[in-house]
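K.L.:
Sharing protein37.txt (compact mmCIF, C-alpha atoms and all ligand atoms) below.
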# COMPACT_ATOMS: atom_id res chain seq x y z
CA MET A 1 -10.04 20.54 20.43
CA TYR A 2 -6.49 20.27 19.12
CA PRO A 3 -4.72 23.39 17.79
CA THR A 4 -5.72 24.73 14.37
CA LEU A 5 -3.08 26.89 12.73
CA LYS A 6 -4.05 30.17 11.14
CA ASP A 7 -3.44 30.47 7.39
CA GLN A 8 -1.31 33.52 7.90
CA GLN A 9 0.84 31.72 10.47
CA ILE A 10 1.37 28.87 7.99
CA GLU A 11 2.25 31.23 5.14
CA SER A 12 4.85 33.18 7.06
CA SER A 13 6.55 30.08 8.51
CA PHE A 14 6.64 28.66 5.00
CA LYS A 15 8.32 31.77 3.61
CA ASN A 16 11.07 31.49 6.17
CA ALA A 17 11.50 27.80 5.56
CA GLN A 18 11.69 28.32 1.83
CA GLU A 19 14.54 30.77 2.32
CA VAL A 20 16.40 28.35 4.55
CA TYR A 21 16.07 25.56 1.99
CA ALA A 22 17.16 27.90 -0.79
CA GLN A 23 20.46 28.37 1.03
CA TYR A 24 20.99 24.63 0.61
CA GLY A 25 20.16 24.90 -3.07
CA VAL A 26 16.71 23.33 -2.71
CA ASP A 27 13.77 24.63 -4.75
CA VAL A 28 10.89 24.00 -2.38
CA ALA A 29 8.17 25.12 -4.81
CA ALA A 30 9.40 22.61 -7.40
CA ALA A 31 9.46 19.89 -4.74
CA LEU A 32 5.83 20.60 -3.86
CA ASP A 33 4.83 20.40 -7.53
CA ARG A 34 6.48 17.00 -7.75
CA LEU A 35 4.87 15.82 -4.54
CA ALA A 36 1.41 16.73 -5.78
CA LYS A 37 1.91 14.29 -8.67
CA ILE A 38 2.78 11.25 -6.54
CA PRO A 39 -0.26 9.10 -5.82
CA VAL A 40 -0.42 6.84 -2.80
CA SER A 41 -2.78 3.89 -3.05
CA LEU A 42 -5.03 3.66 0.00
CA HIS A 43 -6.01 0.13 0.87
CA CYS A 44 -9.72 -0.40 1.42
CA TRP A 45 -9.20 -3.05 4.08
CA GLN A 46 -8.18 -0.68 6.89
CA GLY A 47 -11.80 0.46 6.88
CA ASP A 48 -13.38 -2.85 7.90
CA ASP A 49 -10.57 -4.95 9.40
CA VAL A 50 -9.99 -7.01 6.22
CA GLY A 51 -13.54 -8.35 6.37
CA GLY A 52 -15.11 -7.84 2.96
CA TYR A 53 -18.82 -8.16 2.38
CA GLU A 54 -19.27 -11.65 0.98
CA ASN A 55 -20.62 -13.45 4.00
CA ILE A 56 -18.68 -16.66 3.54
CA ALA A 57 -18.23 -19.16 6.33
CA SER A 58 -14.53 -19.85 6.41
CA SER A 59 -12.31 -20.81 9.27
CA ASP A 60 -9.18 -19.27 7.91
CA GLY A 61 -8.17 -15.66 7.47
CA GLY A 62 -4.93 -16.54 5.76
CA GLY A 63 -2.77 -15.64 8.73
CA ILE A 64 -3.61 -11.97 8.61
CA GLN A 65 -5.63 -10.69 11.48
CA ALA A 66 -6.81 -7.29 12.63
CA THR A 67 -6.90 -7.04 16.40
CA GLY A 68 -9.14 -4.71 18.38
CA ASN A 69 -12.81 -3.82 18.34
CA TYR A 70 -12.97 -0.06 18.10
CA PRO A 71 -16.58 0.89 17.42
CA GLY A 72 -17.89 2.16 14.11
CA LYS A 73 -16.38 -0.09 11.46
CA ALA A 74 -17.86 0.12 7.98
CA ARG A 75 -20.54 -2.60 7.68
CA THR A 76 -21.34 -2.14 4.01
CA ALA A 77 -19.57 -1.04 0.87
CA ASP A 78 -21.48 2.24 1.03
CA GLU A 79 -20.21 2.90 4.54
CA LEU A 80 -16.70 1.96 3.49
CA ARG A 81 -16.85 4.45 0.62
CA GLN A 82 -18.20 7.12 2.92
CA ASP A 83 -15.38 6.53 5.43
CA ALA A 84 -12.69 6.41 2.77
CA GLU A 85 -13.99 9.66 1.35
CA LYS A 86 -13.71 11.24 4.79
CA ALA A 87 -10.13 9.98 5.11
CA LEU A 88 -9.23 11.24 1.63
CA SER A 89 -10.57 14.69 2.49
CA LEU A 90 -7.94 14.90 5.25
CA ILE A 91 -5.02 13.77 3.10
CA PRO A 92 -3.31 16.27 0.78
CA GLY A 93 -2.93 15.35 -2.89
CA LYS A 94 -4.69 13.11 -5.45
CA HIS A 95 -4.47 9.44 -4.65
CA ARG A 96 -5.66 5.95 -5.53
CA PHE A 97 -7.88 3.36 -3.92
CA ASN A 98 -6.90 -0.27 -3.58
CA LEU A 99 -9.67 -2.84 -3.47
CA HIS A 100 -9.77 -6.56 -2.71
CA ALA A 101 -11.99 -8.97 -4.63
CA MET A 102 -13.94 -9.74 -1.45
CA TYR A 103 -15.41 -6.25 -1.63
CA ALA A 104 -17.47 -7.20 -4.69
CA GLU A 105 -21.07 -6.01 -4.76
CA THR A 106 -23.26 -8.76 -6.12
CA GLY A 107 -26.65 -7.37 -5.12
CA GLY A 108 -27.23 -10.11 -2.58
CA LYS A 109 -26.60 -12.87 -5.13
CA LYS A 110 -23.99 -15.52 -4.39
CA VAL A 111 -21.26 -15.19 -7.00
CA GLU A 112 -18.28 -17.51 -6.64
CA ARG A 113 -14.89 -15.85 -6.65
CA ASP A 114 -13.92 -17.50 -9.91
CA GLU A 115 -17.01 -15.99 -11.54
CA LEU A 116 -16.54 -12.39 -10.50
CA GLN A 117 -16.98 -9.82 -13.27
CA PRO A 118 -16.19 -6.13 -13.68
CA GLU A 119 -19.91 -5.38 -13.19
CA HIS A 120 -19.58 -6.47 -9.56
CA PHE A 121 -17.26 -3.55 -9.04
CA SER A 122 -19.10 -0.93 -11.04
CA ALA A 123 -20.20 1.00 -7.96
CA TRP A 124 -16.58 1.18 -6.84
CA ILE A 125 -15.43 2.29 -10.27
CA ASP A 126 -18.14 4.97 -10.51
CA TRP A 127 -17.23 6.20 -7.06
CA ALA A 128 -13.51 6.34 -7.91
CA LYS A 129 -14.32 8.19 -11.12
CA SER A 130 -16.43 10.76 -9.32
CA LEU A 131 -13.51 11.49 -6.99
CA GLY A 132 -10.82 11.39 -9.68
CA LEU A 133 -9.10 8.40 -8.08
CA GLY A 134 -7.19 5.65 -9.82
CA MET A 135 -7.81 2.13 -8.54
CA ASP A 136 -5.72 -0.91 -7.72
CA PHE A 137 -6.92 -4.42 -7.15
CA ASN A 138 -6.20 -7.77 -5.47
CA PRO A 139 -7.50 -11.29 -5.84
CA THR A 140 -8.68 -12.56 -2.44
CA CYS A 141 -7.05 -15.97 -2.03
CA PHE A 142 -7.96 -16.33 1.65
CA ALA A 143 -11.01 -16.33 3.91
CA HIS A 144 -12.67 -18.93 1.72
CA PRO A 145 -13.36 -22.67 2.13
CA MET A 146 -11.10 -23.41 -0.84
CA ALA A 147 -8.22 -21.82 1.08
CA ASP A 148 -8.89 -23.50 4.41
CA ALA A 149 -6.35 -26.28 3.82
CA GLY A 150 -3.60 -23.66 3.73
CA LEU A 151 -2.56 -23.87 0.08
CA THR A 152 -4.21 -22.13 -2.89
CA LEU A 153 -2.25 -21.57 -6.12
CA SER A 154 0.35 -24.01 -4.79
CA SER A 155 -2.05 -26.73 -3.64
CA TYR A 156 -1.34 -30.40 -4.32
CA ASP A 157 -5.00 -30.59 -5.34
CA GLU A 158 -5.41 -29.66 -8.96
CA GLY A 159 -9.04 -28.68 -8.47
CA VAL A 160 -8.07 -26.21 -5.77
CA ARG A 161 -5.25 -24.78 -7.84
CA ASN A 162 -7.47 -24.33 -10.84
CA PHE A 163 -10.16 -22.60 -8.81
CA TRP A 164 -7.66 -19.99 -7.65
CA VAL A 165 -6.14 -19.67 -11.12
CA ARG A 166 -9.61 -18.88 -12.44
CA HIS A 167 -10.14 -16.39 -9.62
CA CYS A 168 -6.87 -14.62 -10.38
CA ILE A 169 -7.65 -14.50 -14.09
CA ALA A 170 -11.09 -13.04 -13.31
CA CYS A 171 -9.36 -10.44 -11.13
CA ARG A 172 -6.96 -9.42 -13.87
CA LYS A 173 -9.93 -8.78 -16.14
CA ILE A 174 -11.62 -6.75 -13.44
CA GLY A 175 -8.40 -4.80 -12.85
CA ALA A 176 -8.10 -4.11 -16.58
CA ALA A 177 -11.69 -2.86 -16.68
CA MET A 178 -10.97 -0.53 -13.78
CA GLY A 179 -7.83 0.78 -15.41
CA LYS A 180 -9.62 1.36 -18.69
CA ALA A 181 -12.57 3.10 -17.08
CA LEU A 182 -10.37 5.36 -14.98
CA GLY A 183 -7.67 6.09 -17.55
CA THR A 184 -4.78 4.97 -15.36
CA PRO A 185 -3.41 1.44 -15.11
CA THR A 186 -4.67 -0.69 -12.25
CA VAL A 187 -2.04 -2.75 -10.48
CA THR A 188 -3.49 -6.13 -9.60
CA ASN A 189 -1.40 -7.65 -6.86
CA ILE A 190 -1.33 -11.36 -6.17
CA TRP A 191 -0.68 -12.38 -2.60
CA ILE A 192 -1.46 -15.89 -1.43
CA PRO A 193 -1.34 -17.17 2.15
CA ASP A 194 0.17 -20.52 1.18
CA GLY A 195 2.47 -21.98 3.77
CA MET A 196 2.87 -24.41 6.61
CA LYS A 197 2.82 -24.09 10.36
CA ASP A 198 5.39 -26.77 10.86
CA ILE A 199 8.47 -27.99 9.08
CA PRO A 200 7.67 -29.21 5.57
CA VAL A 201 9.44 -32.16 4.04
CA ASP A 202 9.02 -31.01 0.47
CA ARG A 203 9.67 -27.29 0.06
CA LYS A 204 9.92 -27.60 -3.67
CA ALA A 205 6.70 -29.20 -4.90
CA PRO A 206 4.35 -26.37 -3.79
CA ARG A 207 6.74 -23.82 -5.28
CA ALA A 208 6.78 -25.67 -8.57
CA PHE A 209 2.96 -25.69 -8.53
CA LEU A 210 2.93 -21.98 -7.72
CA ARG A 211 5.16 -21.23 -10.65
CA GLU A 212 2.91 -23.23 -12.94
CA SER A 213 -0.23 -21.56 -11.60
CA LEU A 214 1.23 -18.07 -11.98
CA ASP A 215 2.20 -18.84 -15.56
CA ALA A 216 -1.39 -19.88 -16.21
CA VAL A 217 -2.78 -16.77 -14.51
CA LEU A 218 -0.52 -14.41 -16.43
CA ALA A 219 -0.61 -16.20 -19.78
CA GLU A 220 -2.87 -13.70 -21.47
CA PRO A 221 -1.16 -10.37 -22.02
CA ILE A 222 -3.09 -7.25 -21.03
CA ASP A 223 -2.30 -3.78 -22.31
CA PRO A 224 -0.08 -2.11 -19.69
CA LYS A 225 -1.93 1.12 -20.45
CA HIS A 226 -4.79 -0.35 -18.44
CA HIS A 227 -3.33 -3.02 -16.25
CA LEU A 228 -0.18 -4.20 -14.48
CA ASP A 229 0.47 -7.44 -12.59
CA ALA A 230 2.34 -7.69 -9.32
CA VAL A 231 3.37 -10.58 -7.06
CA GLU A 232 3.94 -10.24 -3.31
CA SER A 233 6.23 -12.30 -1.10
CA LYS A 234 6.22 -12.92 2.63
CA LEU A 235 8.56 -14.45 5.16
CA PHE A 236 6.04 -15.94 7.55
CA GLY A 237 2.48 -15.56 8.74
CA ILE A 238 0.35 -16.73 11.62
CA GLY A 239 -0.05 -20.43 10.94
CA SER A 240 2.68 -20.38 8.30
CA GLU A 241 5.64 -19.87 10.60
CA SER A 242 7.86 -22.62 9.19
CA TYR A 243 7.32 -22.25 5.49
CA VAL A 244 5.85 -19.75 3.06
CA VAL A 245 5.62 -20.96 -0.51
CA GLY A 246 5.82 -17.48 -2.05
CA SER A 247 9.04 -16.38 -0.43
CA HIS A 248 11.07 -13.33 -1.42
CA GLU A 249 13.53 -15.40 -3.42
CA PHE A 250 10.70 -17.12 -5.25
CA TYR A 251 8.98 -13.94 -6.39
CA LEU A 252 12.14 -11.95 -6.97
CA ALA A 253 13.30 -14.61 -9.39
CA TYR A 254 9.83 -14.91 -10.89
CA ALA A 255 9.45 -11.19 -11.52
CA ALA A 256 12.98 -10.88 -12.87
CA GLN A 257 12.42 -13.60 -15.47
CA ARG A 258 8.90 -12.60 -16.41
CA LYS A 259 9.18 -9.24 -18.09
CA GLY A 260 6.51 -6.75 -17.13
CA THR A 261 5.60 -8.42 -13.84
CA LEU A 262 5.99 -6.10 -10.88
CA LEU A 263 7.52 -7.28 -7.64
CA THR A 264 5.70 -6.22 -4.48
CA LEU A 265 7.75 -5.41 -1.42
CA ASP A 266 5.70 -5.35 1.75
CA ALA A 267 7.68 -3.61 4.48
CA GLY A 268 6.37 -6.07 7.08
CA HIS A 269 7.26 -9.22 5.18
CA PHE A 270 10.92 -9.62 6.04
CA HIS A 271 12.96 -10.42 9.12
CA PRO A 272 12.01 -8.01 11.90
CA THR A 273 15.08 -5.80 11.51
CA GLU A 274 15.28 -6.07 7.73
CA GLY A 275 14.06 -3.03 5.81
CA ILE A 276 12.93 -2.72 2.21
CA ALA A 277 14.70 0.56 1.40
CA ASP A 278 18.01 -1.05 0.56
CA LYS A 279 16.36 -3.53 -1.79
CA ILE A 280 14.92 -0.96 -4.17
CA SER A 281 18.08 0.07 -6.03
CA SER A 282 19.14 -3.54 -6.56
CA ILE A 283 15.80 -4.79 -7.78
CA LEU A 284 15.23 -1.88 -10.14
CA LEU A 285 18.34 -2.93 -12.05
CA PHE A 286 16.60 -6.19 -12.96
CA VAL A 287 12.85 -5.60 -12.64
CA ASP A 288 11.09 -2.76 -14.42
CA GLU A 289 8.68 -1.69 -11.73
CA LEU A 290 7.93 -2.25 -8.08
CA LEU A 291 4.82 -2.07 -5.97
CA LEU A 292 5.33 -1.17 -2.33
CA HIS A 293 3.07 -2.26 0.45
CA VAL A 294 4.14 0.33 2.94
CA SER A 295 3.48 -1.04 6.36
CA ARG A 296 5.11 -1.32 9.78
CA GLY A 297 6.10 -4.61 11.26
CA VAL A 298 6.12 -4.89 15.04
CA ARG A 299 7.40 -8.26 16.28
CA TRP A 300 5.09 -10.86 14.76
CA ASP A 301 2.64 -8.40 13.24
CA SER A 302 3.44 -7.11 9.80
CA ASP A 303 0.67 -4.54 9.58
CA HIS A 304 0.83 -1.75 12.15
CA VAL A 305 -0.17 1.75 11.08
CA VAL A 306 2.62 3.49 9.18
CA ILE A 307 4.45 6.26 11.02
CA LEU A 308 7.24 8.62 10.02
CA SER A 309 10.01 6.22 11.02
CA ASP A 310 13.61 6.14 9.87
CA GLU A 311 12.72 3.14 7.75
CA LEU A 312 9.88 4.96 6.03
CA ARG A 313 12.11 7.96 5.38
CA ALA A 314 14.82 5.72 3.95
CA THR A 315 12.30 4.13 1.60
CA ALA A 316 11.11 7.50 0.33
CA GLU A 317 14.71 8.68 -0.07
CA GLU A 318 15.56 5.68 -2.20
CA ILE A 319 12.63 6.35 -4.52
CA VAL A 320 13.34 10.04 -4.85
CA ARG A 321 17.14 9.96 -4.99
CA HIS A 322 17.08 7.45 -7.84
CA ASP A 323 14.37 9.33 -9.64
CA ALA A 324 12.27 6.18 -9.57
CA ILE A 325 8.90 7.73 -8.83
CA ASN A 326 7.55 6.44 -12.15
CA ARG A 327 8.78 2.93 -11.51
CA VAL A 328 7.71 2.49 -7.91
CA HIS A 329 3.99 2.31 -7.19
CA ILE A 330 3.33 3.25 -3.61
CA GLY A 331 0.56 1.34 -1.86
CA LEU A 332 -0.23 1.06 1.82
CA ASP A 333 -0.99 -2.11 3.73
CA PHE A 334 -1.88 -1.94 7.40
CA PHE A 335 -4.93 -2.60 9.52
CA ASP A 336 -5.57 -1.64 13.09
CA ALA A 337 -8.96 -2.28 14.63
CA SER A 338 -8.02 -0.85 18.03
CA ILE A 339 -8.15 2.82 17.02
CA ASN A 340 -10.46 4.94 14.89
CA ARG A 341 -10.06 3.39 11.44
CA ILE A 342 -10.27 6.67 9.58
CA ALA A 343 -7.58 8.12 11.81
CA ALA A 344 -5.46 5.04 11.04
CA TRP A 345 -5.79 5.66 7.29
CA VAL A 346 -5.04 9.36 7.64
CA THR A 347 -2.10 8.89 10.01
CA GLY A 348 -0.44 6.30 7.80
CA THR A 349 -1.03 8.08 4.53
CA ARG A 350 0.06 11.47 5.83
CA ALA A 351 3.22 9.83 7.20
CA MET A 352 3.96 8.40 3.75
CA ILE A 353 3.47 11.76 2.08
CA LYS A 354 5.59 13.50 4.71
CA ALA A 355 8.39 11.01 4.07
CA LEU A 356 8.20 11.75 0.35
CA LEU A 357 8.25 15.47 1.01
CA ILE A 358 11.29 15.20 3.26
CA ALA A 359 13.05 13.26 0.52
CA LEU A 360 12.03 15.81 -2.11
CA VAL A 361 13.47 18.76 -0.18
CA GLU A 362 16.69 16.97 0.61
CA PRO A 363 19.80 18.81 -0.63
CA THR A 364 20.85 15.65 -2.42
CA ASP A 365 23.37 17.34 -4.72
CA LEU A 366 25.30 18.59 -1.74
CA LEU A 367 25.31 15.16 -0.15
CA ARG A 368 26.30 13.41 -3.36
CA ALA A 369 29.17 15.85 -3.91
CA ALA A 370 30.54 15.12 -0.44
CA GLU A 371 30.21 11.37 -1.01
CA ARG A 372 31.78 11.36 -4.46
CA GLY A 373 34.60 13.53 -3.23
CA GLY A 374 35.30 11.03 -0.47
CA ASP A 375 34.41 13.58 2.20
CA PHE A 376 32.54 11.22 4.48
CA THR A 377 32.96 13.60 7.38
CA SER A 378 30.78 16.21 5.71
CA ARG A 379 28.36 13.58 4.45
CA LEU A 380 27.62 12.35 7.97
CA ALA A 381 27.55 15.82 9.50
CA LEU A 382 25.24 17.12 6.74
CA LEU A 383 22.88 14.17 7.02
CA GLU A 384 22.48 14.95 10.71
CA GLU A 385 22.02 18.69 10.25
CA ILE A 386 19.41 18.43 7.51
CA LYS A 387 17.24 16.31 9.79
CA THR A 388 16.22 19.48 11.60
CA LEU A 389 15.61 21.76 8.62
CA PRO A 390 12.15 23.37 8.90
CA PHE A 391 10.33 20.63 7.08
CA GLY A 392 7.19 20.96 9.24
CA ALA A 393 6.51 24.45 7.92
CA VAL A 394 6.67 23.17 4.34
CA TRP A 395 4.34 20.30 5.17
CA ASP A 396 1.77 22.61 6.78
CA TYR A 397 1.88 24.87 3.75
CA TYR A 398 1.40 21.91 1.41
CA CYS A 399 -1.67 20.82 3.38
CA LEU A 400 -3.07 24.35 3.23
CA LYS A 401 -2.51 24.66 -0.52
CA GLN A 402 -4.10 21.27 -1.13
CA GLY A 403 -7.16 22.31 0.83
CA THR A 404 -6.64 19.82 3.67
CA PRO A 405 -6.17 20.56 7.37
CA ALA A 406 -2.63 21.38 8.48
CA GLY A 407 -1.18 20.18 11.76
CA THR A 408 -3.52 18.57 14.26
CA ALA A 409 -6.74 20.07 12.90
CA TRP A 410 -7.64 16.87 11.04
CA ILE A 411 -7.92 15.00 14.34
CA ASN A 412 -10.77 17.28 15.31
CA ALA A 413 -12.48 16.49 12.02
CA VAL A 414 -12.19 12.74 12.65
CA LYS A 415 -13.58 13.13 16.18
CA GLN A 416 -16.52 15.04 14.79
CA TYR A 417 -17.17 12.35 12.18
CA GLU A 418 -16.98 9.73 14.88
CA GLN A 419 -19.64 11.55 16.82
CA ASP A 420 -21.88 12.28 13.84
CA VAL A 421 -21.55 9.06 11.86
CA LEU A 422 -19.52 6.23 13.39
CA SER A 423 -21.11 6.25 16.82
CA LYS A 424 -24.54 5.71 15.24
CA ARG A 425 -23.55 2.43 13.57
C1 LIG A 501 -0.66 -10.20 3.69
C2 LIG A 501 -0.27 -9.29 2.57
C3 LIG A 501 -1.40 -8.80 1.74
C4 LIG A 501 -2.61 -8.42 2.56
C5 LIG A 501 -3.69 -7.78 1.76
C6 LIG A 501 -4.99 -7.75 2.49
O1 LIG A 501 0.37 -10.49 4.52
O2 LIG A 501 0.47 -8.23 3.06
O3 LIG A 501 -0.97 -7.76 0.95
O4 LIG A 501 -2.30 -7.61 3.64
O5 LIG A 501 -3.79 -8.35 0.54
ZN ZN A 502 0.94 -6.63 1.72
Would you mind giving the structure from this file in structure tokens?
Ligand code: RNT
Ligand code: ZN
P.N.:
Amino acid sequence: MYPTLKDQQIESSFKNAQEVYAQYGVDVAAALDRLAKIPVSLHCWQGDDVGGYENIASSDGGGIQATGNYPGKARTADELRQDAEKALSLIPGKHRFNLHAMYAETGGKKVERDELQPEHFSAWIDWAKSLGLGMDFNPTCFAHPMADAGLTLSSYDEGVRNFWVRHCIACRKIGAAMGKALGTPTVTNIWIPDGMKDIPVDRKAPRAFLRESLDAVLAEPIDPKHHLDAVESKLFGIGSESYVVGSHEFYLAYAAQRKGTLLTLDAGHFHPTEGIADKISSILLFVDELLLHVSRGVRWDSDHVVILSDELRATAEEIVRHDAINRVHIGLDFFDASINRIAAWVTGTRAMIKALLIALVEPTDLLRAAERGGDFTSRLALLEEIKTLPFGAVWDYYCLKQGTPAGTAWINAVKQYEQDVLSKR
């Protein structure tokens, strides 16, 4: 068993920490109130290795692949909900759940992706409602025979393009129904795997088709009270090493010219040393809202479990320092099948929330004053010193107040669940 802190221990460390932060002019209680209002969208696909429950024979996973075979993965939507619920119980705050179209429940009937309806997601919506969660959504433009040739919305084949256009339109309607039912807008994010393994001759034609297809998908306006659209770029994937149709430049330009369309920045979709933090302030000058797919790229894999890295902290700082919490939707996107999947969800989500908390208790006014006054000596020295302020005590207290385990106690809970539930699958 890993250590479980006593409530009284947590409370007294917090009191001390609060006093320390107050000396830097930081109101910790106010920061915690703000933190409690920031939802993080948990992606369903960590729970079953991006499998879905459609039972389609397809040779192509779209260049995204979960590696590992840790026992106990969710085999049905019910199991996935049960696991997600367990994960959510170990994560402080009120959050969201992000579903892919391939998690439709059709009652054993074959329903083509371009014929999916809100009713195929009613169990998910009811579940989200019962837990007070908002939902987000994604068309699934991979793992399907119509995607096996490598191009979907950008295909040279009009029939293929139209199939995926119809699928994306169906998904927007489903997303809108979710948003309406849950009283908070659903972000429906379009990511397509389209690309080429080897050097293309014509880089333009598929991009022109993609533009046309997106215009067709997004033609019908939907009330932003219920629904928002997002488009996600990528630099390369497995099997699309030489060319990705939906590149960053493509979607950045697309979102900038199409008012109301969100741009999705996936942290693993850029050059290996390129981060997303520095992009946020630029893009928000030209695009109203962003969706983040918080992830962790490691060499060729874009989807390792999120940890409290410098990059993650920088991303949270950018959102908080620019007061952009209402313009940046925070979603997660990682999948690891080599460790307990619930632990993966909890580790990544807690890391994201910790990063936000660190940013919220930053003495930003002090730092800004040094910077604006040209005192770069103090700016650097301060930035280093505040790294070791007693943030951990504030985090533990936040967990306690939100009714979730502080410190390592949640690991024990996951181990117990593994024994009681996962090992029996
Ligand atoms: C793939 C994209 C995309 C997917 C999910 C499953 O590289 O990041 O967001 O991970 O849609
Ligand atoms: Zn992503």
K.L.:
List every residue of segment 281-339 of chain A that has an atom at most 12 Å from any atom of segment 178-186 of chain A, and for each one report the closest atom pair and its distance in Å to one decimal, counting all atoms listed in the file, with rows sorted by chain and then by increasing residue number, as JSON lines.
P.N.:
{"residue": "A:Leu291", "atom": "CA", "partner": "A:Thr186", "partner_atom": "CA", "distance": 11.5}
{"residue": "A:His329", "atom": "CA", "partner": "A:Thr186", "partner_atom": "CA", "distance": 10.5}
{"residue": "A:Gly331", "atom": "CA", "partner": "A:Thr186", "partner_atom": "CA", "distance": 11.8}
K.L.:
Once you count only C-alpha atoms and all ligand atoms, which residues end up within 6 Å of ligand LIG 501 (chain A), and could you hand them over as a JSON list (two decimals) with C-alpha atoms, keeping the file's coordinate frame?
P.N.:
[["chain", "number", "residue", "atom", "x", "y", "z"],
["A", 64, "ILE", "CA", -3.61, -11.97, 8.61],
["A", 191, "TRP", "CA", -0.68, -12.38, -2.60],
["A", 333, "ASP", "CA", -0.99, -2.11, 3.73]]
K.L.:
Taking only C-alpha atoms into account, which of A:Val328, A:Val414, A:Leu357, A:Val50 comes nearest Leu88 of chain A?
P.N.:
A:Val414
K.L.:
Once you count all atoms listed in the file, what closest atom pair and distance in Å to one decimal does each residue of chain A within 9 Å of ligand ZN 502 (chain A) have, with rows by chain and rising residue number, as a Markdown table?
P.N.:
| residue | atom | partner | partner_atom | distance |
| --- | --- | --- | --- | --- |
| A:Asn189 | CA | A:ZN502 | ZN | 9.0 |
| A:Trp191 | CA | A:ZN502 | ZN | 7.4 |
| A:Glu232 | CA | A:ZN502 | ZN | 6.9 |
| A:Ser233 | CA | A:ZN502 | ZN | 8.3 |
| A:Lys234 | CA | A:ZN502 | ZN | 8.3 |
| A:Thr264 | CA | A:ZN502 | ZN | 7.8 |
| A:Leu265 | CA | A:ZN502 | ZN | 7.6 |
| A:Asp266 | CA | A:ZN502 | ZN | 4.9 |
| A:Ala267 | CA | A:ZN502 | ZN | 7.9 |
| A:Gly268 | CA | A:ZN502 | ZN | 7.7 |
| A:His269 | CA | A:ZN502 | ZN | 7.7 |
| A:Leu292 | CA | A:ZN502 | ZN | 8.1 |
| A:His293 | CA | A:ZN502 | ZN | 5.0 |
| A:Val294 | CA | A:ZN502 | ZN | 7.8 |
| A:Ser295 | CA | A:ZN502 | ZN | 7.7 |
| A:Ser302 | CA | A:ZN502 | ZN | 8.5 |
| A:Asp303 | CA | A:ZN502 | ZN | 8.1 |
| A:Gly331 | CA | A:ZN502 | ZN | 8.7 |
| A:Leu332 | CA | A:ZN502 | ZN | 7.8 |
| A:Asp333 | CA | A:ZN502 | ZN | 5.3 |
| A:Phe334 | CA | A:ZN502 | ZN | 7.9 |
K.L.:
Could you jot down the atom CA of Met1 of chain A to atom CA of Ala36 of chain A separation for me, Å, one decimal place?
P.N.:
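Calculated distance between atom CA of Met1 of chain A and atom CA of Ala36 of chain A is 28.9 Å.
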K.L.:
For segment 264-272 of chain A, I'd like the enclosing box, axis-aligned and padded by 4 Å on every side, reported as JSON with centre and edge lengths in Å to one decimal.
P.N.:
{"center_x": 9.3, "center_y": -7.0, "center_z": 3.7, "size_x": 15.3, "size_y": 14.8, "size_z": 24.4}
K.L.:
Write out as a list in words the residues lying within 6 Å of Glu241 of chain A, counting all atoms listed in the file and excluding same-chain residues fewer than 3 positions away.
P.N.:
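These residues fall inside the cut-off: Lys197, Phe236 and Gly237 of chain A.
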K.L.:
Quick one: pull the distance between atom CA of Pro221 of chain A and atom CA of Cys168 of chain A, Å, one decimal.
P.N.:
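Interatomic distance here is 13.6 Å.
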K.L.:
As a PyMOL selection string, please: the residues near Leu218 of chain A (cut-off 10 Å, only C-alpha atoms, same-chain neighbours under 2 positions excluded).
P.N.:
chain A and resi 165+168-169+172+213-216+220-222+229+258+261
K.L.:
Contacts between segment 132-145 of chain A and segment 226-284 of chain A, please, where a residue of segment 226-284 of chain A counts if it comes within 12 Å (with only C-alpha atoms); show its shortest atom pair and distance in Å to one decimal, rows by chain and ascending number, as JSON lines.
P.N.:
{"residue": "A:His226", "atom": "CA", "partner": "A:Met135", "partner_atom": "CA", "distance": 10.6}
{"residue": "A:His227", "atom": "CA", "partner": "A:Asp136", "partner_atom": "CA", "distance": 9.1}
{"residue": "A:Leu228", "atom": "CA", "partner": "A:Asp136", "partner_atom": "CA", "distance": 9.3}
{"residue": "A:Asp229", "atom": "CA", "partner": "A:Phe137", "partner_atom": "CA", "distance": 9.7}
{"residue": "A:Ala230", "atom": "CA", "partner": "A:Asn138", "partner_atom": "CA", "distance": 9.4}
{"residue": "A:Val231", "atom": "CA", "partner": "A:Asn138", "partner_atom": "CA", "distance": 10.1}
{"residue": "A:Glu232", "atom": "CA", "partner": "A:Asn138", "partner_atom": "CA", "distance": 10.7}
K.L.:
Between A:Phe97, A:Tyr70, A:Tyr24, A:Trp164, which is the closest to Ala84 of chain A once you count all atoms listed in the file?
P.N.:
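Using all atoms listed in the file, the shortest distance to Ala84 of chain A belongs to A:Phe97.
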K.L.:
Which residues are close to Gly25 of chain A, i.e. within 9 Å by all atoms listed in the file, leaving aside same-chain residues fewer than 6 positions away? Reply as a PyMOL selection string.
P.N.:
chain A and resi 363+365-366
K.L.:
Would you mind reading off the distance between atom CA of Ser154 of chain A and atom CA of Leu210 of chain A, one decimal, in Å?
P.N.:
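Between atom CA of Ser154 of chain A and atom CA of Leu210 of chain A the gap works out to 4.4 Å.
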K.L.:
Nearest to Leu99 of chain A: which of A:Gln23, A:Thr377, A:Gln402, A:Gln46 is it, counting only C-alpha atoms?
P.N.:
A:Gln46
K.L.:
Within 12 Å of Thr364 of chain A, counting all atoms listed in the file, which residues show up once you throw out same-chain ones fewer than 4 positions away? Write them as a PyMOL selection string, please.
P.N.:
chain A and resi 21+24-27+317-318+320-323+358-360+368-372+379+382-383+386
K.L.:
Smallest atom-to-atom distance to Thr273 of chain A: which of A:Val305, A:Lys415, A:Val298, A:Ser247, using only C-alpha atoms?
P.N.:
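Closest residue, counting only C-alpha atoms: A:Val298.
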